[in-house]
>>> print(open('entry39.cif').read())   # mmCIF, C-alpha atoms, pLDDT in the B column; chains and numbers go by the auth columns
data_data
#
loop_
_atom_site.group_PDB
_atom_site.id
_atom_site.type_symbol
_atom_site.label_atom_id
_atom_site.label_comp_id
_atom_site.label_asym_id
_atom_site.label_seq_id
_atom_site.Cartn_x
_atom_site.Cartn_y
_atom_site.Cartn_z
_atom_site.B_iso_or_equiv
_atom_site.auth_seq_id
_atom_site.auth_asym_id
ATOM 1 C CA MET A 1 105.067 -129.363 -17.670 93.00 191 A
ATOM 2 C CA ALA A 2 108.191 -131.299 -18.429 95.00 192 A
ATOM 3 C CA VAL A 3 111.221 -132.931 -16.908 97.00 193 A
ATOM 4 C CA VAL A 4 114.387 -131.172 -18.024 97.00 194 A
ATOM 5 C CA GLU A 5 118.074 -131.918 -17.655 98.00 195 A
ATOM 6 C CA ILE A 6 120.436 -128.991 -17.195 98.00 196 A
ATOM 7 C CA THR A 7 123.304 -129.672 -19.594 97.00 197 A
ATOM 8 C CA GLU A 8 125.415 -126.545 -19.154 97.00 198 A
ATOM 9 C CA VAL A 9 125.535 -123.389 -17.045 98.00 199 A
ATOM 10 C CA GLN A 10 127.403 -120.256 -18.074 97.00 200 A
ATOM 11 C CA VAL A 11 128.025 -117.052 -16.162 98.00 201 A
ATOM 12 C CA LEU A 12 129.082 -114.294 -18.524 97.00 202 A
ATOM 13 C CA PRO A 13 128.765 -110.571 -19.110 97.00 203 A
ATOM 14 C CA LEU A 14 126.033 -109.481 -21.488 95.00 204 A
ATOM 15 C CA ARG A 15 128.652 -108.281 -23.981 95.00 205 A
ATOM 16 C CA ASP A 16 129.810 -111.905 -24.403 97.00 206 A
ATOM 17 C CA ALA A 17 126.381 -113.270 -25.360 95.00 207 A
ATOM 18 C CA ASP A 18 126.719 -114.984 -28.726 95.00 208 A
ATOM 19 C CA LEU A 19 124.551 -116.045 -31.639 96.00 209 A
ATOM 20 C CA ARG A 20 124.126 -119.538 -30.170 95.00 210 A
ATOM 21 C CA LEU A 21 122.351 -117.995 -27.174 95.00 211 A
ATOM 22 C CA ALA A 22 120.305 -115.559 -29.255 94.00 212 A
ATOM 23 C CA LEU A 23 119.006 -118.339 -31.500 95.00 213 A
ATOM 24 C CA ALA A 24 118.503 -120.937 -28.761 93.00 214 A
ATOM 25 C CA GLU A 25 116.262 -118.695 -26.719 90.00 215 A
ATOM 26 C CA GLY A 26 113.612 -119.255 -29.355 86.00 216 A
ATOM 27 C CA GLU A 27 112.194 -115.744 -29.516 89.00 217 A
ATOM 28 C CA GLY A 28 112.870 -115.367 -33.231 91.00 218 A
ATOM 29 C CA HIS A 29 115.917 -113.110 -33.001 92.00 219 A
ATOM 30 C CA GLN A 30 118.266 -113.529 -35.952 93.00 220 A
ATOM 31 C CA SER A 31 121.299 -111.669 -34.595 95.00 221 A
ATOM 32 C CA VAL A 32 122.968 -110.923 -31.289 95.00 222 A
ATOM 33 C CA ALA A 33 122.269 -107.207 -31.783 95.00 223 A
ATOM 34 C CA GLU A 34 118.541 -107.891 -32.271 95.00 224 A
ATOM 35 C CA TRP A 35 118.482 -110.206 -29.224 95.00 225 A
ATOM 36 C CA ARG A 36 120.264 -107.664 -27.055 94.00 226 A
ATOM 37 C CA ALA A 37 118.033 -104.782 -28.162 94.00 227 A
ATOM 38 C CA GLY A 38 114.933 -106.807 -27.306 93.00 228 A
ATOM 39 C CA HIS A 39 116.281 -107.635 -23.859 92.00 229 A
ATOM 40 C CA GLU A 40 117.364 -104.069 -23.177 93.00 230 A
ATOM 41 C CA ASP A 41 113.893 -102.835 -24.158 93.00 231 A
ATOM 42 C CA PHE A 42 112.359 -105.314 -21.717 93.00 232 A
ATOM 43 C CA TRP A 43 114.666 -104.554 -18.771 93.00 233 A
ATOM 44 C CA HIS A 44 114.543 -100.802 -19.343 94.00 234 A
ATOM 45 C CA GLY A 45 110.752 -100.787 -19.615 94.00 235 A
ATOM 46 C CA GLU A 46 108.715 -98.890 -17.068 93.00 236 A
ATOM 47 C CA GLU A 47 106.917 -102.047 -15.878 94.00 237 A
ATOM 48 C CA MET A 48 110.161 -103.913 -15.135 93.00 238 A
ATOM 49 C CA ARG A 49 111.809 -100.928 -13.476 94.00 239 A
ATOM 50 C CA GLU A 50 108.706 -100.543 -11.302 94.00 240 A
ATOM 51 C CA ALA A 51 108.764 -104.257 -10.397 95.00 241 A
ATOM 52 C CA LEU A 52 112.444 -103.934 -9.441 93.00 242 A
ATOM 53 C CA GLY A 53 111.732 -100.772 -7.460 95.00 243 A
ATOM 54 C CA ASP A 54 114.500 -98.981 -9.357 94.00 244 A
ATOM 55 C CA PRO A 55 113.390 -96.386 -11.937 92.00 245 A
ATOM 56 C CA GLU A 56 117.019 -95.930 -13.035 92.00 246 A
ATOM 57 C CA PHE A 57 117.838 -99.648 -13.544 92.00 247 A
ATOM 58 C CA VAL A 58 120.062 -100.218 -16.583 93.00 248 A
ATOM 59 C CA VAL A 59 121.547 -103.304 -18.187 94.00 249 A
ATOM 60 C CA ASP A 60 124.758 -102.856 -20.136 94.00 250 A
ATOM 61 C CA GLY A 61 127.674 -104.891 -21.418 95.00 251 A
ATOM 62 C CA ASP A 62 128.894 -105.484 -17.857 96.00 252 A
ATOM 63 C CA THR A 63 125.569 -106.928 -16.655 94.00 253 A
ATOM 64 C CA MET A 64 126.177 -110.540 -15.693 96.00 254 A
ATOM 65 C CA LEU A 65 124.011 -113.309 -17.144 96.00 255 A
ATOM 66 C CA ILE A 66 123.416 -116.775 -15.808 97.00 256 A
ATOM 67 C CA VAL A 67 122.577 -118.951 -18.802 96.00 257 A
ATOM 68 C CA GLU A 68 121.182 -122.454 -18.289 97.00 258 A
ATOM 69 C CA TRP A 69 121.233 -124.831 -21.232 97.00 259 A
ATOM 70 C CA PHE A 70 118.845 -127.753 -20.964 96.00 260 A
ATOM 71 C CA ARG A 71 117.170 -130.535 -22.838 96.00 261 A
ATOM 72 C CA VAL A 72 113.643 -131.806 -22.384 96.00 262 A
ATOM 73 C CA VAL A 73 113.792 -135.330 -20.997 97.00 263 A
ATOM 74 C CA GLU A 74 110.059 -135.964 -20.822 96.00 264 A
ATOM 75 C CA VAL A 75 106.876 -134.026 -21.477 96.00 265 A
ATOM 76 C CA LEU A 76 104.387 -134.832 -18.704 94.00 266 A
ATOM 77 C CA GLN A 77 100.861 -135.683 -19.749 89.00 267 A
ATOM 78 C CA GLY A 78 97.916 -133.717 -18.419 77.00 268 A
ATOM 79 C CA SER A 79 100.001 -130.712 -17.481 62.00 269 A
#
>>> encode(input="entry39.cif", output="C-alpha coordinates")
Amino acid sequence: MAVVEITEVQVLPLRDADLRLALAEGEGHQSVAEWRAGHEDFWHGEEMREALGDPEFVVDGDTMLIVEWFRVVEVLQGS
(Lines of atoms letter the chains of each structure in order from A and count residues from 1; the text may use other names and numbers.)
(Lines give C-alpha, C1' and ligand atoms only; values in the text may rest on other atoms or scores of the structure.)
Protein backbone atom coordinates (compact mmCIF):
# COMPACT_ATOMS: atom_id res chain seq x y z
CA MET A 1 0.00 0.00 0.00
CA ALA A 2 1.05 3.56 -0.54
CA VAL A 3 0.02 7.15 -0.08
CA VAL A 4 -0.45 8.85 -3.44
CA GLU A 5 -1.05 12.42 -4.52
CA ILE A 6 -3.30 13.01 -7.51
CA THR A 7 -1.42 15.53 -9.65
CA GLU A 8 -3.70 15.81 -12.67
CA VAL A 9 -7.07 14.56 -13.90
CA GLN A 10 -8.06 14.45 -17.55
CA VAL A 11 -11.37 13.58 -19.16
CA LEU A 12 -10.90 12.82 -22.83
CA PRO A 13 -12.17 10.60 -25.62
CA LEU A 14 -10.20 7.45 -26.27
CA ARG A 15 -9.12 8.79 -29.67
CA ASP A 16 -7.18 11.57 -27.87
CA ALA A 17 -5.09 9.22 -25.72
CA ASP A 18 -1.44 9.99 -26.38
CA LEU A 19 1.95 8.34 -26.06
CA ARG A 20 2.49 9.91 -22.62
CA LEU A 21 -0.52 7.95 -21.33
CA ALA A 22 0.42 4.73 -23.12
CA LEU A 23 3.93 4.77 -21.65
CA ALA A 24 2.96 5.97 -18.17
CA GLU A 25 0.51 3.15 -17.63
CA GLY A 26 3.50 0.86 -17.28
CA GLU A 27 2.17 -2.14 -19.17
CA GLY A 28 5.03 -2.18 -21.65
CA HIS A 29 3.19 -0.69 -24.62
CA GLN A 30 5.50 1.20 -26.97
CA SER A 31 2.90 3.01 -29.08
CA VAL A 32 -0.59 4.43 -28.74
CA ALA A 33 -1.86 1.90 -31.29
CA GLU A 34 -0.46 -1.00 -29.23
CA TRP A 35 -1.91 0.47 -26.01
CA ARG A 36 -5.32 0.96 -27.58
CA ALA A 37 -5.40 -2.53 -29.10
CA GLY A 38 -4.59 -4.06 -25.72
CA HIS A 39 -7.36 -2.10 -24.03
CA GLU A 40 -9.88 -2.90 -26.74
CA ASP A 41 -9.04 -6.60 -26.43
CA PHE A 42 -9.64 -6.38 -22.68
CA TRP A 43 -12.93 -4.46 -22.84
CA HIS A 44 -14.26 -6.52 -25.74
CA GLY A 45 -13.37 -9.80 -24.04
CA GLU A 46 -16.11 -12.21 -23.10
CA GLU A 47 -15.26 -12.02 -19.37
CA MET A 48 -15.55 -8.22 -19.25
CA ARG A 49 -18.72 -8.13 -21.33
CA GLU A 50 -20.22 -10.73 -18.98
CA ALA A 51 -19.18 -8.70 -15.92
CA LEU A 52 -20.80 -5.61 -17.45
CA GLY A 53 -23.92 -7.59 -18.34
CA ASP A 54 -23.67 -6.34 -21.93
CA PRO A 55 -22.55 -8.90 -24.54
CA GLU A 56 -22.47 -6.15 -27.19
CA PHE A 57 -20.36 -3.63 -25.21
CA VAL A 58 -17.88 -1.78 -27.44
CA VAL A 59 -15.25 0.86 -26.79
CA ASP A 60 -14.38 3.16 -29.66
CA GLY A 61 -12.80 6.54 -30.29
CA ASP A 62 -15.76 8.29 -28.65
CA THR A 63 -15.49 6.31 -25.39
CA MET A 64 -14.65 8.77 -22.64
CA LEU A 65 -11.67 8.15 -20.36
CA ILE A 66 -11.00 9.54 -16.93
CA VAL A 67 -7.23 9.58 -16.50
CA GLU A 68 -5.70 10.22 -13.07
CA TRP A 69 -2.03 11.13 -12.91
CA PHE A 70 -0.41 10.59 -9.53
CA ARG A 71 2.85 10.35 -7.70
CA VAL A 72 3.71 8.03 -4.84
CA VAL A 73 4.23 10.10 -1.71
CA GLU A 74 5.05 7.25 0.65
CA VAL A 75 5.22 3.47 0.49
CA LEU A 76 3.69 2.06 3.69
CA GLN A 77 5.62 -0.64 5.48
CA GLY A 78 4.04 -4.00 6.19
CA SER A 79 1.39 -3.63 3.52
>>> resolve_selection(input="entry39.cif", expression="the PyMOL selection byres ((chain A and resi 200) around 8)", output="list in words")
Glu198, Val199, Val201, Leu202, Leu255, Ile256, Val257 and Glu258 of chain A
>>> axis_aligned_box(input="entry39.cif", around="region 200-214 of chain A", padding_each_side="8 Å", output="lines of an AutoDock Vina configuration file")
center_x = 124.2
center_y = -114.6
center_z = -23.9
size_x = 27.3
size_y = 28.7
size_z = 31.5
>>> resolve_selection(input="entry39.cif", expression="the PyMOL selection byres ((chain A and resi 205) around 8)", output="NGL selection string")
:A and (203-204 or 206-207 or 250-252)
>>> atom_distance(input="entry39.cif", atom1="CA of Val193 (chain A)", atom2="CA of Arg261 (chain A)")
8.7 Å
>>> atom_distance(input="entry39.cif", atom1="CA of Thr197 (chain A)", atom2="CA of Ala223 (chain A)")
25.6 Å
>>> resolve_selection(input="entry39.cif", expression="the PyMOL selection byres ((chain A and resi 249) around 10)", output="list in words")
Leu204, Arg226, His229, Glu230, Asp231, Trp233, His234, Phe247, Val248, Asp250, Gly251, Asp252, Thr253 and Met254 of chain A
>>> residues_around(input="entry39.cif", residues="Val222 (chain A)", least_positions_apart="4", cutoff="7 Å", atoms="all atoms listed in the file", output="count of residues only")
4
>>> atom_distance(input="entry39.cif", atom1="CA of Ala192 (chain A)", atom2="CA of Phe260 (chain A)")
11.5 Å
>>> residues_around(input="entry39.cif", residues="Glu264 (chain A)", least_positions_apart="2", cutoff="12 Å", atoms="all atoms listed in the file", output="short mmCIF file (atom, residue, chain, number, x, y, z; two decimals) with C-alpha atoms, in the coordinates of the input")
data_model
loop_
_atom_site.label_atom_id
_atom_site.label_comp_id
_atom_site.auth_asym_id
_atom_site.auth_seq_id
_atom_site.Cartn_x
_atom_site.Cartn_y
_atom_site.Cartn_z
CA MET A 191 105.07 -129.36 -17.67
CA ALA A 192 108.19 -131.30 -18.43
CA VAL A 193 111.22 -132.93 -16.91
CA VAL A 194 114.39 -131.17 -18.02
CA GLU A 195 118.07 -131.92 -17.66
CA ARG A 261 117.17 -130.54 -22.84
CA VAL A 262 113.64 -131.81 -22.38
CA LEU A 266 104.39 -134.83 -18.70
CA GLN A 267 100.86 -135.68 -19.75
CA SER A 269 100.00 -130.71 -17.48
#
>>> closest_residue(input="entry39.cif", among="A:Trp259, A:Ala227, A:Gly268, A:Glu236", to="Leu211 (chain A)", atoms="only C-alpha atoms")
A:Trp259
>>> closest_residue(input="entry39.cif", among="A:Trp225, A:Val263, A:Glu240, A:Pro245", to="Arg210 (chain A)", atoms="only C-alpha atoms")
A:Trp225
>>> decode(input="entry39.cif", residues="region 192-205 of chain A", atoms="all heavy atoms", output="mmCIF file, in the first residue's frame")
data_model
loop_
_atom_site.group_PDB
_atom_site.id
_atom_site.type_symbol
_atom_site.label_atom_id
_atom_site.label_comp_id
_atom_site.auth_asym_id
_atom_site.auth_seq_id
_atom_site.Cartn_x
_atom_site.Cartn_y
_atom_site.Cartn_z
ATOM 1 N N ALA A 192 0.283 2.329 -0.435
ATOM 2 C CA ALA A 192 1.047 3.564 -0.535
ATOM 3 C C ALA A 192 0.126 4.762 -0.387
ATOM 4 O O ALA A 192 -1.085 4.657 -0.570
ATOM 5 C CB ALA A 192 1.762 3.635 -1.869
ATOM 6 N N VAL A 193 0.721 5.872 -0.065
ATOM 7 C CA VAL A 193 0.017 7.154 -0.080
ATOM 8 C C VAL A 193 0.358 7.791 -1.423
ATOM 9 O O VAL A 193 1.530 7.875 -1.800
ATOM 10 C CB VAL A 193 0.488 8.064 1.076
ATOM 11 C CG1 VAL A 193 -0.176 9.426 0.986
ATOM 12 C CG2 VAL A 193 0.208 7.401 2.425
ATOM 13 N N VAL A 194 -0.679 8.210 -2.147
ATOM 14 C CA VAL A 194 -0.451 8.845 -3.439
ATOM 15 C C VAL A 194 -1.058 10.245 -3.440
ATOM 16 O O VAL A 194 -1.985 10.534 -2.688
ATOM 17 C CB VAL A 194 -1.043 8.023 -4.612
ATOM 18 C CG1 VAL A 194 -0.374 6.664 -4.713
ATOM 19 C CG2 VAL A 194 -2.534 7.891 -4.500
ATOM 20 N N GLU A 195 -0.521 11.080 -4.300
ATOM 21 C CA GLU A 195 -1.050 12.417 -4.519
ATOM 22 C C GLU A 195 -1.519 12.492 -5.970
ATOM 23 O O GLU A 195 -0.733 12.229 -6.886
ATOM 24 C CB GLU A 195 0.030 13.470 -4.269
ATOM 25 C CG GLU A 195 -0.403 14.871 -4.612
ATOM 26 C CD GLU A 195 0.721 15.890 -4.523
ATOM 27 O OE1 GLU A 195 1.901 15.498 -4.363
ATOM 28 O OE2 GLU A 195 0.419 17.076 -4.626
ATOM 29 N N ILE A 196 -2.781 12.825 -6.159
ATOM 30 C CA ILE A 196 -3.295 13.010 -7.513
ATOM 31 C C ILE A 196 -2.753 14.346 -8.009
ATOM 32 O O ILE A 196 -2.956 15.379 -7.383
ATOM 33 C CB ILE A 196 -4.841 13.016 -7.536
ATOM 34 C CG1 ILE A 196 -5.401 11.729 -6.931
ATOM 35 C CG2 ILE A 196 -5.356 13.263 -8.951
ATOM 36 C CD1 ILE A 196 -5.048 10.469 -7.660
ATOM 37 N N THR A 197 -2.055 14.322 -9.137
ATOM 38 C CA THR A 197 -1.419 15.534 -9.647
ATOM 39 C C THR A 197 -2.152 16.131 -10.839
ATOM 40 O O THR A 197 -1.955 17.308 -11.155
ATOM 41 C CB THR A 197 0.038 15.249 -10.050
ATOM 42 O OG1 THR A 197 0.046 14.219 -11.045
ATOM 43 C CG2 THR A 197 0.864 14.820 -8.838
ATOM 44 N N GLU A 198 -2.982 15.326 -11.498
ATOM 45 C CA GLU A 198 -3.702 15.809 -12.672
ATOM 46 C C GLU A 198 -4.841 14.846 -12.971
ATOM 47 O O GLU A 198 -4.709 13.648 -12.758
ATOM 48 C CB GLU A 198 -2.745 15.859 -13.870
ATOM 49 C CG GLU A 198 -3.325 16.374 -15.149
ATOM 50 C CD GLU A 198 -2.321 16.367 -16.303
ATOM 51 O OE1 GLU A 198 -1.110 16.145 -16.071
ATOM 52 O OE2 GLU A 198 -2.759 16.575 -17.438
ATOM 53 N N VAL A 199 -5.949 15.381 -13.446
ATOM 54 C CA VAL A 199 -7.072 14.557 -13.896
ATOM 55 C C VAL A 199 -7.469 15.051 -15.278
ATOM 56 O O VAL A 199 -7.601 16.259 -15.491
ATOM 57 C CB VAL A 199 -8.272 14.634 -12.931
ATOM 58 C CG1 VAL A 199 -9.453 13.835 -13.476
ATOM 59 C CG2 VAL A 199 -7.892 14.149 -11.538
ATOM 60 N N GLN A 200 -7.626 14.122 -16.194
ATOM 61 C CA GLN A 200 -8.061 14.453 -17.554
ATOM 62 C C GLN A 200 -9.309 13.646 -17.884
ATOM 63 O O GLN A 200 -9.412 12.481 -17.508
ATOM 64 C CB GLN A 200 -6.997 14.071 -18.581
ATOM 65 C CG GLN A 200 -5.703 14.819 -18.506
ATOM 66 C CD GLN A 200 -4.708 14.267 -19.513
ATOM 67 O OE1 GLN A 200 -4.291 13.128 -19.398
ATOM 68 N NE2 GLN A 200 -4.359 15.072 -20.499
ATOM 69 N N VAL A 201 -10.222 14.276 -18.584
ATOM 70 C CA VAL A 201 -11.374 13.584 -19.157
ATOM 71 C C VAL A 201 -11.262 13.808 -20.662
ATOM 72 O O VAL A 201 -11.253 14.949 -21.125
ATOM 73 C CB VAL A 201 -12.709 14.146 -18.613
ATOM 74 C CG1 VAL A 201 -13.882 13.425 -19.251
ATOM 75 C CG2 VAL A 201 -12.754 14.034 -17.091
ATOM 76 N N LEU A 202 -11.122 12.705 -21.393
ATOM 77 C CA LEU A 202 -10.900 12.824 -22.831
ATOM 78 C C LEU A 202 -11.428 11.610 -23.557
ATOM 79 O O LEU A 202 -11.534 10.533 -22.969
ATOM 80 C CB LEU A 202 -9.405 13.000 -23.136
ATOM 81 C CG LEU A 202 -8.481 11.861 -22.751
ATOM 82 C CD1 LEU A 202 -7.371 11.732 -23.775
ATOM 83 C CD2 LEU A 202 -7.880 12.129 -21.391
ATOM 84 N N PRO A 203 -11.760 11.773 -24.837
ATOM 85 C CA PRO A 203 -12.171 10.605 -25.617
ATOM 86 C C PRO A 203 -10.973 9.707 -25.895
ATOM 87 O O PRO A 203 -9.839 10.182 -26.005
ATOM 88 C CB PRO A 203 -12.734 11.210 -26.914
ATOM 89 C CG PRO A 203 -12.164 12.579 -27.005
ATOM 90 C CD PRO A 203 -11.839 13.015 -25.604
ATOM 91 N N LEU A 204 -11.242 8.433 -26.023
ATOM 92 C CA LEU A 204 -10.196 7.446 -26.269
ATOM 93 C C LEU A 204 -9.314 7.841 -27.452
ATOM 94 O O LEU A 204 -8.103 7.663 -27.418
ATOM 95 C CB LEU A 204 -10.836 6.074 -26.510
ATOM 96 C CG LEU A 204 -9.905 4.915 -26.824
ATOM 97 C CD1 LEU A 204 -8.948 4.648 -25.679
ATOM 98 C CD2 LEU A 204 -10.706 3.665 -27.138
ATOM 99 N N ARG A 205 -9.891 8.423 -28.475
ATOM 100 C CA ARG A 205 -9.119 8.794 -29.666
ATOM 101 C C ARG A 205 -8.036 9.820 -29.356
ATOM 102 O O ARG A 205 -7.087 9.963 -30.113
ATOM 103 C CB ARG A 205 -10.025 9.289 -30.791
ATOM 104 C CG ARG A 205 -10.546 10.702 -30.603
ATOM 105 C CD ARG A 205 -11.293 11.203 -31.846
ATOM 106 N NE ARG A 205 -12.430 12.013 -31.490
ATOM 107 C CZ ARG A 205 -13.569 11.617 -30.947
ATOM 108 N NH1 ARG A 205 -13.762 10.345 -30.692
ATOM 109 N NH2 ARG A 205 -14.529 12.454 -30.665
#
